[in-house]
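Data file: final32.pdb. Format and content: PDB, C-alpha atoms.
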ATOM      1  CA  MET C   1      -1.280  10.831  15.290
ATOM      2  CA  GLN C   2      -4.543   8.940  15.574
ATOM      3  CA  TYR C   3      -4.786   5.156  15.826
ATOM      4  CA  ARG C   4      -7.374   2.690  14.609
ATOM      5  CA  ARG C   5      -8.222  -0.905  15.393
ATOM      6  CA  PHE C   6      -6.863  -3.197  12.678
ATOM      7  CA  GLY C   7      -9.980  -4.886  11.357
ATOM      8  CA  ASN C   8     -11.252  -7.644  13.618
ATOM      9  CA  THR C   9      -7.900  -8.127  15.353
ATOM     10  CA  GLY C  10      -6.648  -6.810  18.676
ATOM     11  CA  LEU C  11      -4.045  -4.589  16.988
ATOM     12  CA  ASN C  12      -4.131  -0.807  16.934
ATOM     13  CA  VAL C  13      -2.197   0.921  14.157
ATOM     14  CA  SER C  14      -1.505   4.512  13.185
ATOM     15  CA  ARG C  15      -3.891   6.103  10.657
ATOM     16  CA  LEU C  16      -0.886   6.504   8.373
ATOM     17  CA  CYS C  17       1.362   3.623   7.372
ATOM     18  CA  LEU C  18       4.813   4.316   5.950
ATOM     19  CA  GLY C  19       5.319   2.673   2.569
ATOM     20  CA  THR C  20       8.926   2.009   1.659
ATOM     21  CA  MET C  21       9.011   1.028  -2.007
ATOM     22  CA  THR C  22      11.375   3.841  -3.012
ATOM     23  CA  PHE C  23      14.043   2.812  -0.492
ATOM     24  CA  GLY C  24      17.175   1.472  -2.163
ATOM     25  CA  LEU C  25      16.737   2.899  -5.673
ATOM     26  CA  GLN C  26      15.044   6.303  -5.766
ATOM     27  CA  THR C  27      16.097   6.891  -2.164
ATOM     28  CA  GLU C  28      19.534   6.099  -0.753
ATOM     29  CA  GLU C  29      19.775   4.309   2.579
ATOM     30  CA  ASN C  30      20.833   7.333   4.643
ATOM     31  CA  VAL C  31      17.854   9.323   3.331
ATOM     32  CA  SER C  32      15.566   6.323   3.869
ATOM     33  CA  ARG C  33      16.621   6.197   7.504
ATOM     34  CA  THR C  34      15.861   9.901   7.915
ATOM     35  CA  ILE C  35      12.392   9.350   6.438
ATOM     36  CA  LEU C  36      11.779   6.451   8.830
ATOM     37  CA  ASP C  37      12.924   8.586  11.764
ATOM     38  CA  LYS C  38      10.667  11.482  10.795
ATOM     39  CA  ALA C  39       7.633   9.250  10.309
ATOM     40  CA  THR C  40       8.035   7.503  13.636
ATOM     41  CA  ASP C  41       8.692  10.771  15.471
ATOM     42  CA  ALA C  42       5.250  11.811  14.180
ATOM     43  CA  GLY C  43       3.656   8.713  15.728
ATOM     44  CA  ILE C  44       3.597   6.242  12.822
ATOM     45  CA  ASN C  45       3.968   2.703  14.187
ATOM     46  CA  PHE C  46       3.092   0.812  10.996
ATOM     47  CA  ILE C  47       5.662   0.069   8.259
ATOM     48  CA  ASP C  48       4.900  -1.662   4.962
ATOM     49  CA  THR C  49       7.398  -3.197   2.543
ATOM     50  CA  ALA C  50       7.651  -6.098   0.054
ATOM     51  CA  ASP C  51      10.193  -8.594  -1.194
ATOM     52  CA  VAL C  52      10.155  -7.111  -4.734
ATOM     53  CA  TYR C  53      10.978  -3.569  -3.609
ATOM     54  CA  PRO C  54      12.482  -1.085  -4.382
ATOM     55  CA  LEU C  55      10.146   0.313  -7.011
ATOM     56  CA  GLY C  56      11.710  -0.445 -10.382
ATOM     57  CA  ALA C  57      13.937  -3.150  -8.892
ATOM     58  CA  SER C  58      16.025  -5.235 -11.269
ATOM     59  CA  ASP C  59      18.575  -7.998 -10.841
ATOM     60  CA  GLY C  60      20.723  -7.141  -7.862
ATOM     61  CA  THR C  61      18.322  -4.646  -6.277
ATOM     62  CA  THR C  62      15.284  -6.818  -5.482
ATOM     63  CA  GLY C  63      15.059  -7.217  -1.709
ATOM     64  CA  ARG C  64      17.214  -4.202  -0.914
ATOM     65  CA  THR C  65      14.301  -2.329   0.639
ATOM     66  CA  GLU C  66      13.685  -5.068   3.201
ATOM     67  CA  GLU C  67      17.388  -5.008   4.079
ATOM     68  CA  ILE C  68      17.307  -1.243   4.662
ATOM     69  CA  VAL C  69      14.188  -1.512   6.834
ATOM     70  CA  GLY C  70      15.719  -4.413   8.755
ATOM     71  CA  ARG C  71      18.890  -2.505   9.568
ATOM     72  CA  TRP C  72      16.887   0.511  10.716
ATOM     73  CA  LEU C  73      14.624  -1.662  12.912
ATOM     74  CA  LYS C  74      17.516  -3.270  14.762
ATOM     75  CA  GLY C  75      17.057  -2.717  18.508
ATOM     76  CA  ARG C  76      13.504  -1.365  18.181
ATOM     77  CA  ARG C  77      11.601  -4.113  16.390
ATOM     78  CA  ASP C  78       9.051  -4.495  19.184
ATOM     79  CA  ARG C  79       7.864  -0.891  18.760
ATOM     80  CA  PHE C  80       6.436  -1.382  15.272
ATOM     81  CA  ILE C  81       3.844  -3.267  13.278
ATOM     82  CA  LEU C  82       5.826  -4.620  10.326
ATOM     83  CA  ALA C  83       4.194  -5.788   7.092
ATOM     84  CA  THR C  84       5.719  -7.319   3.991
ATOM     85  CA  LYS C  85       4.460  -9.101   0.879
ATOM     86  CA  ALA C  86       5.225 -11.934  -1.537
ATOM     87  CA  VAL C  87       4.052 -13.263  -4.915
ATOM     88  CA  GLY C  88       6.093 -11.073  -7.296
ATOM     89  CA  LYS C  89       9.037 -12.509  -9.225
ATOM     90  CA  VAL C  90      12.216 -12.437  -7.133
ATOM     91  CA  GLY C  91      14.519 -14.904  -8.876
ATOM     92  CA  PRO C  92      15.363 -16.720 -12.110
ATOM     93  CA  SER C  93      13.515 -19.987 -11.464
ATOM     94  CA  PRO C  94       9.900 -20.496 -12.606
ATOM     95  CA  TRP C  95       8.875 -21.076  -8.986
ATOM     96  CA  ASP C  96      10.462 -17.822  -7.729
ATOM     97  CA  GLN C  97       7.075 -16.134  -7.929
ATOM     98  CA  GLY C  98       3.413 -16.798  -7.303
ATOM     99  CA  ALA C  99       1.458 -18.144  -4.345
ATOM    100  CA  SER C 100       2.462 -21.804  -4.435
ATOM    101  CA  ARG C 101       3.348 -23.548  -1.199
ATOM    102  CA  LYS C 102       6.963 -23.865  -2.326
ATOM    103  CA  HIS C 103       7.366 -20.198  -3.136
ATOM    104  CA  LEU C 104       5.581 -18.777  -0.089
ATOM    105  CA  LEU C 105       7.502 -20.955   2.372
ATOM    106  CA  ASP C 106      10.751 -19.919   0.707
ATOM    107  CA  ALA C 107       9.726 -16.273   0.401
ATOM    108  CA  ILE C 108       8.875 -15.771   4.082
ATOM    109  CA  ASP C 109      12.262 -17.142   5.131
ATOM    110  CA  HIS C 110      14.091 -14.871   2.698
ATOM    111  CA  SER C 111      12.097 -11.838   3.874
ATOM    112  CA  LEU C 112      12.765 -12.595   7.529
ATOM    113  CA  ARG C 113      16.477 -12.911   6.803
ATOM    114  CA  ARG C 114      16.578  -9.574   5.001
ATOM    115  CA  LEU C 115      14.449  -7.873   7.655
ATOM    116  CA  ASP C 116      16.621  -9.443  10.378
ATOM    117  CA  THR C 117      13.611 -10.477  12.456
ATOM    118  CA  ASP C 118      11.951 -13.675  13.614
ATOM    119  CA  TYR C 119       8.469 -12.667  12.446
ATOM    120  CA  VAL C 120       6.394 -10.104  10.584
ATOM    121  CA  ASP C 121       3.131  -8.840  11.971
ATOM    122  CA  LEU C 122       1.354  -8.921   8.608
ATOM    123  CA  TYR C 123       2.237 -11.142   5.647
ATOM    124  CA  GLN C 124       0.381 -10.243   2.461
ATOM    125  CA  LEU C 125      -0.163 -11.682  -0.972
ATOM    126  CA  HIS C 126       1.020  -8.842  -3.210
ATOM    127  CA  SER C 127      -1.418  -9.912  -5.917
ATOM    128  CA  ASP C 128      -3.694 -12.780  -6.832
ATOM    129  CA  ASP C 129      -2.166 -15.897  -8.412
ATOM    130  CA  PRO C 130      -4.833 -17.569 -10.556
ATOM    131  CA  ASN C 131      -2.404 -20.380 -11.449
ATOM    132  CA  THR C 132      -2.251 -21.740  -7.895
ATOM    133  CA  PRO C 133      -5.310 -23.305  -6.211
ATOM    134  CA  LEU C 134      -6.578 -21.111  -3.399
ATOM    135  CA  ASP C 135      -6.556 -24.059  -1.020
ATOM    136  CA  GLU C 136      -2.831 -24.596  -1.568
ATOM    137  CA  THR C 137      -2.101 -20.916  -0.941
ATOM    138  CA  LEU C 138      -4.282 -20.750   2.163
ATOM    139  CA  GLU C 139      -2.763 -23.884   3.664
ATOM    140  CA  ALA C 140       0.746 -22.527   3.039
ATOM    141  CA  LEU C 141      -0.138 -19.238   4.739
ATOM    142  CA  ASP C 142      -1.657 -21.160   7.641
ATOM    143  CA  THR C 143       1.654 -23.026   8.016
ATOM    144  CA  ILE C 144       3.457 -19.678   8.136
ATOM    145  CA  VAL C 145       1.114 -18.325  10.818
ATOM    146  CA  ARG C 146       1.233 -21.505  12.915
ATOM    147  CA  SER C 147       5.030 -21.504  12.739
ATOM    148  CA  GLY C 148       5.074 -18.021  14.281
ATOM    149  CA  LYS C 149       6.723 -16.411  11.254
ATOM    150  CA  ALA C 150       3.703 -14.153  10.685
ATOM    151  CA  ARG C 151       1.058 -12.979  13.140
ATOM    152  CA  TYR C 152      -1.617 -12.174  10.549
ATOM    153  CA  ILE C 153      -2.174 -12.486   6.804
ATOM    154  CA  GLY C 154      -3.693 -10.154   4.230
ATOM    155  CA  VAL C 155      -4.047  -9.525   0.517
ATOM    156  CA  SER C 156      -3.311  -6.733  -1.933
ATOM    157  CA  ASN C 157      -4.656  -6.117  -5.443
ATOM    158  CA  PHE C 158      -7.430  -8.719  -5.140
ATOM    159  CA  LEU C 159     -10.777  -8.528  -6.886
ATOM    160  CA  ALA C 160     -13.694  -8.653  -4.466
ATOM    161  CA  TYR C 161     -15.021 -11.974  -5.748
ATOM    162  CA  ARG C 162     -11.637 -13.676  -5.336
ATOM    163  CA  LEU C 163     -11.241 -12.323  -1.815
ATOM    164  CA  ALA C 164     -14.761 -13.490  -0.918
ATOM    165  CA  ARG C 165     -13.964 -16.952  -2.243
ATOM    166  CA  ALA C 166     -10.674 -17.045  -0.323
ATOM    167  CA  LEU C 167     -12.427 -16.116   2.919
ATOM    168  CA  GLY C 168     -15.013 -18.833   2.346
ATOM    169  CA  ARG C 169     -12.365 -21.455   1.607
ATOM    170  CA  ALA C 170     -10.389 -20.465   4.710
ATOM    171  CA  ASP C 171     -13.492 -20.977   6.846
ATOM    172  CA  ALA C 172     -14.184 -24.333   5.215
ATOM    173  CA  LEU C 173     -10.588 -25.496   5.691
ATOM    174  CA  ARG C 174     -10.372 -24.026   9.205
ATOM    175  CA  VAL C 175      -7.113 -22.274   8.426
ATOM    176  CA  ALA C 176      -5.832 -18.744   9.082
ATOM    177  CA  ARG C 177      -8.105 -16.112   7.600
ATOM    178  CA  PHE C 178      -7.157 -12.886   5.832
ATOM    179  CA  VAL C 179      -7.590  -9.905   8.164
ATOM    180  CA  SER C 180      -6.756  -7.069   5.769
ATOM    181  CA  VAL C 181      -6.875  -5.849   2.212
ATOM    182  CA  GLN C 182      -4.465  -3.392   0.569
ATOM    183  CA  PRO C 183      -6.095  -1.902  -2.553
ATOM    184  CA  ARG C 184      -5.307   1.109  -4.714
ATOM    185  CA  TYR C 185      -7.554   4.019  -3.702
ATOM    186  CA  ASN C 186      -7.548   7.749  -4.345
ATOM    187  CA  LEU C 187      -9.642  10.518  -5.867
ATOM    188  CA  LEU C 188      -8.688   9.265  -9.352
ATOM    189  CA  PHE C 189      -9.355   5.580  -8.626
ATOM    190  CA  ARG C 190     -12.530   4.853  -6.668
ATOM    191  CA  GLN C 191     -13.647   1.498  -8.079
ATOM    192  CA  ILE C 192     -13.204  -0.303  -4.754
ATOM    193  CA  GLU C 193     -16.169   1.601  -3.335
ATOM    194  CA  ARG C 194     -18.519  -0.568  -5.382
ATOM    195  CA  GLU C 195     -17.705  -4.090  -4.138
ATOM    196  CA  LEU C 196     -14.400  -4.401  -2.260
ATOM    197  CA  LEU C 197     -15.166  -1.874   0.474
ATOM    198  CA  PRO C 198     -18.671  -3.270   1.197
ATOM    199  CA  LEU C 199     -17.149  -6.778   1.388
ATOM    200  CA  SER C 200     -14.444  -5.522   3.751
ATOM    201  CA  ALA C 201     -17.070  -3.941   5.986
ATOM    202  CA  GLU C 202     -19.166  -7.097   6.102
ATOM    203  CA  GLU C 203     -16.145  -9.298   6.845
ATOM    204  CA  HIS C 204     -14.575  -6.788   9.304
ATOM    205  CA  LEU C 205     -11.345  -6.510   7.322
ATOM    206  CA  ALA C 206      -8.792  -3.755   7.820
ATOM    207  CA  VAL C 207      -8.407  -1.611   4.692
ATOM    208  CA  ILE C 208      -4.956  -0.111   4.104
ATOM    209  CA  PRO C 209      -5.015   1.605   0.701
ATOM    210  CA  TYR C 210      -1.909   2.484  -1.288
ATOM    211  CA  ASN C 211      -1.475   5.287  -3.843
ATOM    212  CA  PRO C 212      -3.628   7.812  -1.904
ATOM    213  CA  LEU C 213      -1.900  10.549  -3.934
ATOM    214  CA  ALA C 214      -2.073   8.631  -7.240
ATOM    215  CA  GLY C 215       1.668   8.058  -7.337
ATOM    216  CA  GLY C 216       2.300  11.762  -6.749
ATOM    217  CA  LEU C 217      -0.028  13.059  -9.457
ATOM    218  CA  LEU C 218      -2.283  14.524  -6.760
ATOM    219  CA  THR C 219       0.551  16.704  -5.537
ATOM    220  CA  GLY C 220      -0.257  18.897  -8.533
ATOM    221  CA  LYS C 221       3.404  19.260  -9.483
ATOM    222  CA  TYR C 222       3.130  17.506 -12.870
ATOM    223  CA  ARG C 223       1.880  18.860 -16.190
ATOM    224  CA  HIS C 224       0.482  16.607 -18.909
ATOM    225  CA  GLY C 225       2.501  18.141 -21.737
ATOM    226  CA  ALA C 226       5.820  18.053 -19.874
ATOM    227  CA  ALA C 227       7.897  14.925 -19.335
ATOM    228  CA  PRO C 228       8.307  14.238 -15.601
ATOM    229  CA  ALA C 229      11.808  14.944 -14.294
ATOM    230  CA  GLU C 230      11.526  12.895 -11.118
ATOM    231  CA  GLY C 231       9.246  10.524  -9.247
ATOM    232  CA  ARG C 232       7.314   7.390 -10.089
ATOM    233  CA  PHE C 233       6.467   8.412 -13.645
ATOM    234  CA  THR C 234      10.057   8.515 -14.888
ATOM    235  CA  ALA C 235      12.206   6.019 -16.785
ATOM    236  CA  THR C 236      14.564   5.826 -13.805
ATOM    237  CA  VAL C 237      12.176   3.386 -12.134
ATOM    238  CA  GLY C 238      12.001   1.181 -15.236
ATOM    239  CA  LYS C 239       8.795  -0.714 -15.961
ATOM    240  CA  ALA C 240       7.260   0.716 -12.807
ATOM    241  CA  GLY C 241       7.385   4.162 -14.432
ATOM    242  CA  GLU C 242       5.539   2.801 -17.453
ATOM    243  CA  MET C 243       2.952   1.229 -15.148
ATOM    244  CA  TYR C 244       2.312   4.518 -13.341
ATOM    245  CA  GLN C 245       2.019   6.432 -16.592
ATOM    246  CA  ALA C 246      -0.522   3.875 -17.840
ATOM    247  CA  ARG C 247      -2.499   4.248 -14.618
ATOM    248  CA  TYR C 248      -2.702   8.003 -14.363
ATOM    249  CA  TRP C 249      -0.923   9.973 -17.101
ATOM    250  CA  HIS C 250      -4.002  10.886 -19.127
ATOM    251  CA  GLU C 251      -5.615  14.117 -20.229
ATOM    252  CA  ARG C 252      -8.794  13.301 -18.309
ATOM    253  CA  GLU C 253      -6.897  12.885 -15.027
ATOM    254  CA  PHE C 254      -4.984  16.136 -15.486
ATOM    255  CA  GLY C 255      -8.240  17.953 -16.213
ATOM    256  CA  THR C 256      -9.705  16.578 -12.995
ATOM    257  CA  ILE C 257      -6.646  17.655 -11.042
ATOM    258  CA  GLU C 258      -7.198  21.259 -12.130
ATOM    259  CA  LYS C 259     -10.749  21.071 -10.748
ATOM    260  CA  LEU C 260      -9.458  19.528  -7.525
ATOM    261  CA  ARG C 261      -6.758  22.165  -7.225
ATOM    262  CA  GLU C 262      -9.431  24.864  -7.352
ATOM    263  CA  LEU C 263     -11.533  23.075  -4.747
ATOM    264  CA  ALA C 264      -8.530  22.631  -2.446
ATOM    265  CA  ALA C 265      -7.741  26.333  -2.712
ATOM    266  CA  GLU C 266     -11.371  27.104  -1.926
ATOM    267  CA  GLY C 267     -11.047  24.987   1.217
ATOM    268  CA  GLY C 268      -7.824  26.754   2.203
ATOM    269  CA  HIS C 269      -5.613  23.675   2.094
ATOM    270  CA  SER C 270      -3.078  22.100  -0.253
ATOM    271  CA  LEU C 271      -4.096  19.512  -2.832
ATOM    272  CA  VAL C 272      -1.888  16.952  -1.083
ATOM    273  CA  LYS C 273      -3.489  17.459   2.309
ATOM    274  CA  THR C 274      -6.979  17.564   0.816
ATOM    275  CA  SER C 275      -6.482  14.389  -1.261
ATOM    276  CA  LEU C 276      -5.139  12.328   1.624
ATOM    277  CA  ALA C 277      -7.741  13.652   4.055
ATOM    278  CA  TRP C 278     -10.424  12.565   1.561
ATOM    279  CA  VAL C 279      -9.120   8.971   1.687
ATOM    280  CA  LEU C 280      -8.997   8.980   5.487
ATOM    281  CA  ALA C 281     -12.506  10.458   5.683
ATOM    282  CA  ASN C 282     -13.975   7.163   4.469
ATOM    283  CA  PRO C 283     -14.927   5.354   7.706
ATOM    284  CA  LEU C 284     -13.894   1.983   6.217
ATOM    285  CA  ILE C 285     -10.264   3.053   5.804
ATOM    286  CA  THR C 286      -8.031   1.829   8.599
ATOM    287  CA  SER C 287      -4.675   3.297   7.628
ATOM    288  CA  ALA C 288      -3.460   4.934   4.411
ATOM    289  CA  LEU C 289      -0.020   4.163   3.012
ATOM    290  CA  ILE C 290       2.145   7.205   2.432
ATOM    291  CA  GLY C 291       5.561   7.254   0.833
ATOM    292  CA  ALA C 292       8.387   9.681   0.275
ATOM    293  CA  SER C 293      11.683   9.898  -1.540
ATOM    294  CA  ARG C 294      12.727  12.912   0.576
ATOM    295  CA  PRO C 295      11.967  13.690   4.240
ATOM    296  CA  ASP C 296      10.341  17.062   3.440
ATOM    297  CA  GLN C 297       7.690  15.294   1.336
ATOM    298  CA  LEU C 298       6.215  13.948   4.572
ATOM    299  CA  ASP C 299       5.290  17.363   5.951
ATOM    300  CA  GLU C 300       1.888  17.720   4.286
ATOM    301  CA  THR C 301       0.976  14.035   4.373
ATOM    302  CA  LEU C 302       1.634  13.837   8.093
ATOM    303  CA  ALA C 303      -0.524  16.923   8.623
ATOM    304  CA  ALA C 304      -3.436  15.189   6.891
ATOM    305  CA  ALA C 305      -3.701  12.578   9.648
ATOM    306  CA  ASP C 306      -5.420  15.062  11.967
ATOM    307  CA  PHE C 307      -7.295  17.033   9.313
ATOM    308  CA  ALA C 308     -11.026  16.344   9.245
ATOM    309  CA  LEU C 309     -12.820  17.300   6.031
ATOM    310  CA  ASP C 310     -16.055  19.223   6.340
ATOM    311  CA  PRO C 311     -18.817  16.856   5.095
ATOM    312  CA  ALA C 312     -20.123  19.399   2.598
ATOM    313  CA  PHE C 313     -16.622  19.947   1.229
ATOM    314  CA  LYS C 314     -16.045  16.188   0.975
ATOM    315  CA  GLU C 315     -19.252  15.927  -1.028
ATOM    316  CA  LYS C 316     -17.856  18.442  -3.518
ATOM    317  CA  LEU C 317     -14.745  16.270  -3.929
ATOM    318  CA  ASP C 318     -16.957  13.206  -4.367
ATOM    319  CA  ASP C 319     -18.990  14.945  -7.062
ATOM    320  CA  ALA C 320     -15.885  16.149  -8.900
ATOM    321  CA  THR C 321     -14.509  12.599  -9.158
ATOM    322  CA  VAL C 322     -17.642  10.454  -9.382
ATOM    323  CA  GLU C 323     -16.655   9.139 -12.839
ATOM    324  CA  TYR C 324     -13.623   7.421 -11.291
ATOM    325  CA  ARG C 325     -15.946   5.320  -9.156
ATOM    326  CA  TRP C 326     -16.889   3.326 -12.229
ATOM    327  CA  GLY C 327     -13.430   3.045 -13.686
ATOM    328  CA  ASP C 328     -11.917   2.046 -16.964
ATOM    329  CA  ALA C 329     -10.754  -1.551 -17.307
ATOM    330  CA  ALA C 330      -7.941  -0.440 -19.609
ATOM    331  CA  ARG C 331      -6.377   1.540 -16.799
TER
END
Represent the structure from my file as structure tokens, please.
Amino acid sequence: MQYRRFGNTGLNVSRLCLGTMTFGLQTEENVSRTILDKATDAGINFIDTADVYPLGASDGTTGRTEEIVGRWLKGRRDRFILATKAVGKVGPSPWDQGASRKHLLDAIDHSLRRLDTDYVDLYQLHSDDPNTPLDETLEALDTIVRSGKARYIGVSNFLAYRLARALGRADALRVARFVSVQPRYNLLFRQIERELLPLSAEEHLAVIPYNPLAGGLLTGKYRHGAAPAEGRFTATVGKAGEMYQARYWHEREFGTIEKLRELAAEGGHSLVKTSLAWVLANPLITSALIGASRPDQLDETLAAADFALDPAFKEKLDDATVEYRWGDAAR
């Protein structure tokens, strides 16, 4: 496993980060623990979760993922960089969501209780909250950092202009500054290359993309005309399944996957390994989030950490997916 400096901080994290959003619904706790064991045996020291997980969580399951991770971490917390997130709806009250001071100060305490730890290394806004003034959010996060409940703060699913404004306001207020960004990024979604990645480079932010395999579509196991039997595109994960189908389940994407499958075969590697290696080949990527619902699904993703794409071959992948750099607002 290779390691990379985490943005402009003094941290060093593994090039792969284990995402846990299937733990507690798609993946039972005993299997989740096996996945965690396998990932860490391979050298992963970076674990990412969120208070709204597991994927497809409903009443009674929200927060279960943090509890599973917390129980597994017991006795070895100091060996890992632990990240979690807040902003999503986690309760019945109107204020049980968003980036208000009230919600964030409540949310960090609830996450720490579930994770059974005194602090997280990285506390992230899971999405932007346009209904809360940025200054209020930044000052609340600064309180969390100064209290020792989080070492660093970051964002996920932010537009570049909102992140730029947040960084400027943090400097003006002299409060804790975001050190990382967690965007969606893969061969079928390249929009962040236009503005978010250049901003991250200029501001020395760590970039930790999720969905490097497009929710599993880049495994090549799905067919457009056949209803998925398992995974993130199914009804078993509720609205999350609908969200993933809206993101990726389109004829254009499946046509591109056939082209990518041919290119991967030409290169002598699997589509999974090729797709993840392509993400890691971007010099601005710090660590890519990988997930699994079964331990064996980690085999090829772990192998990608040490697989360097030939520049000419990477250019072929770039050319085959250039249309996804511009995106489609409807998706």
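Residue nearest Val69 in chain C within the list C:Asn157, C:Gln297, C:Gln245, C:Thr22: C:Thr22 [criterion: smallest interatomic distance, all atoms listed in the file].
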**Asked** Excluding same-chain residues fewer than 3 positions from Gln191 in chain C, what lies within 7 Å of it counting only C-alpha atoms, as a list in words?
**Response** Arg194, Tyr324, Arg325, Trp326 and Gly327 of chain C
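Compared by their closest atoms to Thr20 in chain C, and using only C-alpha atoms, the residues C:Ala292, C:Leu188, C:Leu284, C:Ile44 rank with C:Ala292 nearest.
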**Request:** Pick out the closest residue to Ala214 in chain C from this set: C:Leu271, C:Asp171, C:Gly148, C:His103. Count only C-alpha atoms.
**Result:** C:Leu271
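Between Phe23 in chain C and the residues C:Asn45, C:Thr286, C:Thr61, C:Gln2, the shortest atom-to-atom distance, using only C-alpha atoms, involves C:Thr61.
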Mind working out the centre and edge lengths of an axis-aligned box for range 39-57 of chain C, all listed atoms inside, 5 Å added to each side, rounded to one decimal in Å and written as lines of an AutoDock Vina configuration file?
center_x = 8.5
center_y = 1.6
center_z = 2.7
size_x = 20.8
size_y = 30.4
size_z = 36.1
**Request:** Return the single residue from C:Leu205, C:Ile153, C:Leu199, C:Ile47 that is closest to Ala288 in chain C, with distances computed using all atoms listed in the file.
**Result:** C:Ile47
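Atom to atom, CA of Ala265 in chain C and CA of Leu217 in chain C stand 16.8 Å apart.
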**Asked** Leaving out Ala176 in chain C and any residue of its chain fewer than 2 positions from it, which residues lie within 10 Å of it when counting all atoms listed in the file, given as a ChimeraX atom specification?
**Response** /C:138-146,151-153,167,170-171,173-174,178-179
Please write the residues from the selection above to a file, keeping C-alpha atoms, as a compact mmCIF listing (two decimals), keeping the file's coordinate frame.
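What follows is the written file again_28.txt:
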# COMPACT_ATOMS: atom_id res chain seq x y z
CA LEU C 138 -4.28 -20.75 2.16
CA GLU C 139 -2.76 -23.88 3.66
CA ALA C 140 0.75 -22.53 3.04
CA LEU C 141 -0.14 -19.24 4.74
CA ASP C 142 -1.66 -21.16 7.64
CA THR C 143 1.65 -23.03 8.02
CA ILE C 144 3.46 -19.68 8.14
CA VAL C 145 1.11 -18.32 10.82
CA ARG C 146 1.23 -21.50 12.92
CA ARG C 151 1.06 -12.98 13.14
CA TYR C 152 -1.62 -12.17 10.55
CA ILE C 153 -2.17 -12.49 6.80
CA LEU C 167 -12.43 -16.12 2.92
CA ALA C 170 -10.39 -20.46 4.71
CA ASP C 171 -13.49 -20.98 6.85
CA LEU C 173 -10.59 -25.50 5.69
CA ARG C 174 -10.37 -24.03 9.20
CA PHE C 178 -7.16 -12.89 5.83
CA VAL C 179 -7.59 -9.90 8.16
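Of the listed residues (C:Gln182, C:Thr301, C:Ser127, C:Thr117), C:Thr301 comes nearest to Ala277 in chain C; the distances count all atoms listed in the file.
Put simply, CA of Gly19 in chain C is 8.9 Å away from CA of Phe46 in chain C.
Separating CA of Arg252 in chain C from CA of Asp319 in chain C is a distance of 15.3 Å.
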Would you kindly place N, CA and C atoms on range 282-295 of chain C and return the model as a compact mmCIF listing (two decimals), in the coordinates of the input?
# COMPACT_ATOMS: atom_id res chain seq x y z
N ASN C 282 -13.12 8.34 4.65
CA ASN C 282 -13.98 7.16 4.47
C ASN C 282 -13.89 6.32 5.74
N PRO C 283 -14.98 6.07 6.42
CA PRO C 283 -14.93 5.35 7.71
C PRO C 283 -14.42 3.92 7.60
N LEU C 284 -14.37 3.35 6.39
CA LEU C 284 -13.89 1.98 6.22
C LEU C 284 -12.39 1.90 6.08
N ILE C 285 -11.72 3.05 5.95
CA ILE C 285 -10.26 3.05 5.80
C ILE C 285 -9.61 2.98 7.18
N THR C 286 -8.73 2.00 7.33
CA THR C 286 -8.03 1.83 8.60
C THR C 286 -6.79 2.70 8.67
N SER C 287 -5.94 2.57 7.66
CA SER C 287 -4.68 3.30 7.63
C SER C 287 -4.27 3.47 6.18
N ALA C 288 -3.86 4.67 5.79
CA ALA C 288 -3.46 4.93 4.41
C ALA C 288 -1.94 4.89 4.29
N LEU C 289 -1.46 4.24 3.24
CA LEU C 289 -0.02 4.16 3.01
C LEU C 289 0.48 5.45 2.39
N ILE C 290 1.49 6.03 3.00
CA ILE C 290 2.14 7.20 2.43
C ILE C 290 3.59 6.85 2.16
N GLY C 291 4.16 7.49 1.16
CA GLY C 291 5.56 7.25 0.83
C GLY C 291 6.28 8.57 0.61
N ALA C 292 7.59 8.48 0.52
CA ALA C 292 8.39 9.68 0.28
C ALA C 292 9.74 9.26 -0.26
N SER C 293 10.30 10.10 -1.11
CA SER C 293 11.68 9.90 -1.54
C SER C 293 12.60 10.92 -0.89
N ARG C 294 11.98 11.92 -0.21
CA ARG C 294 12.73 12.91 0.58
C ARG C 294 11.96 13.18 1.87
N PRO C 295 12.66 13.45 2.97
CA PRO C 295 11.97 13.69 4.24
C PRO C 295 10.95 14.83 4.20
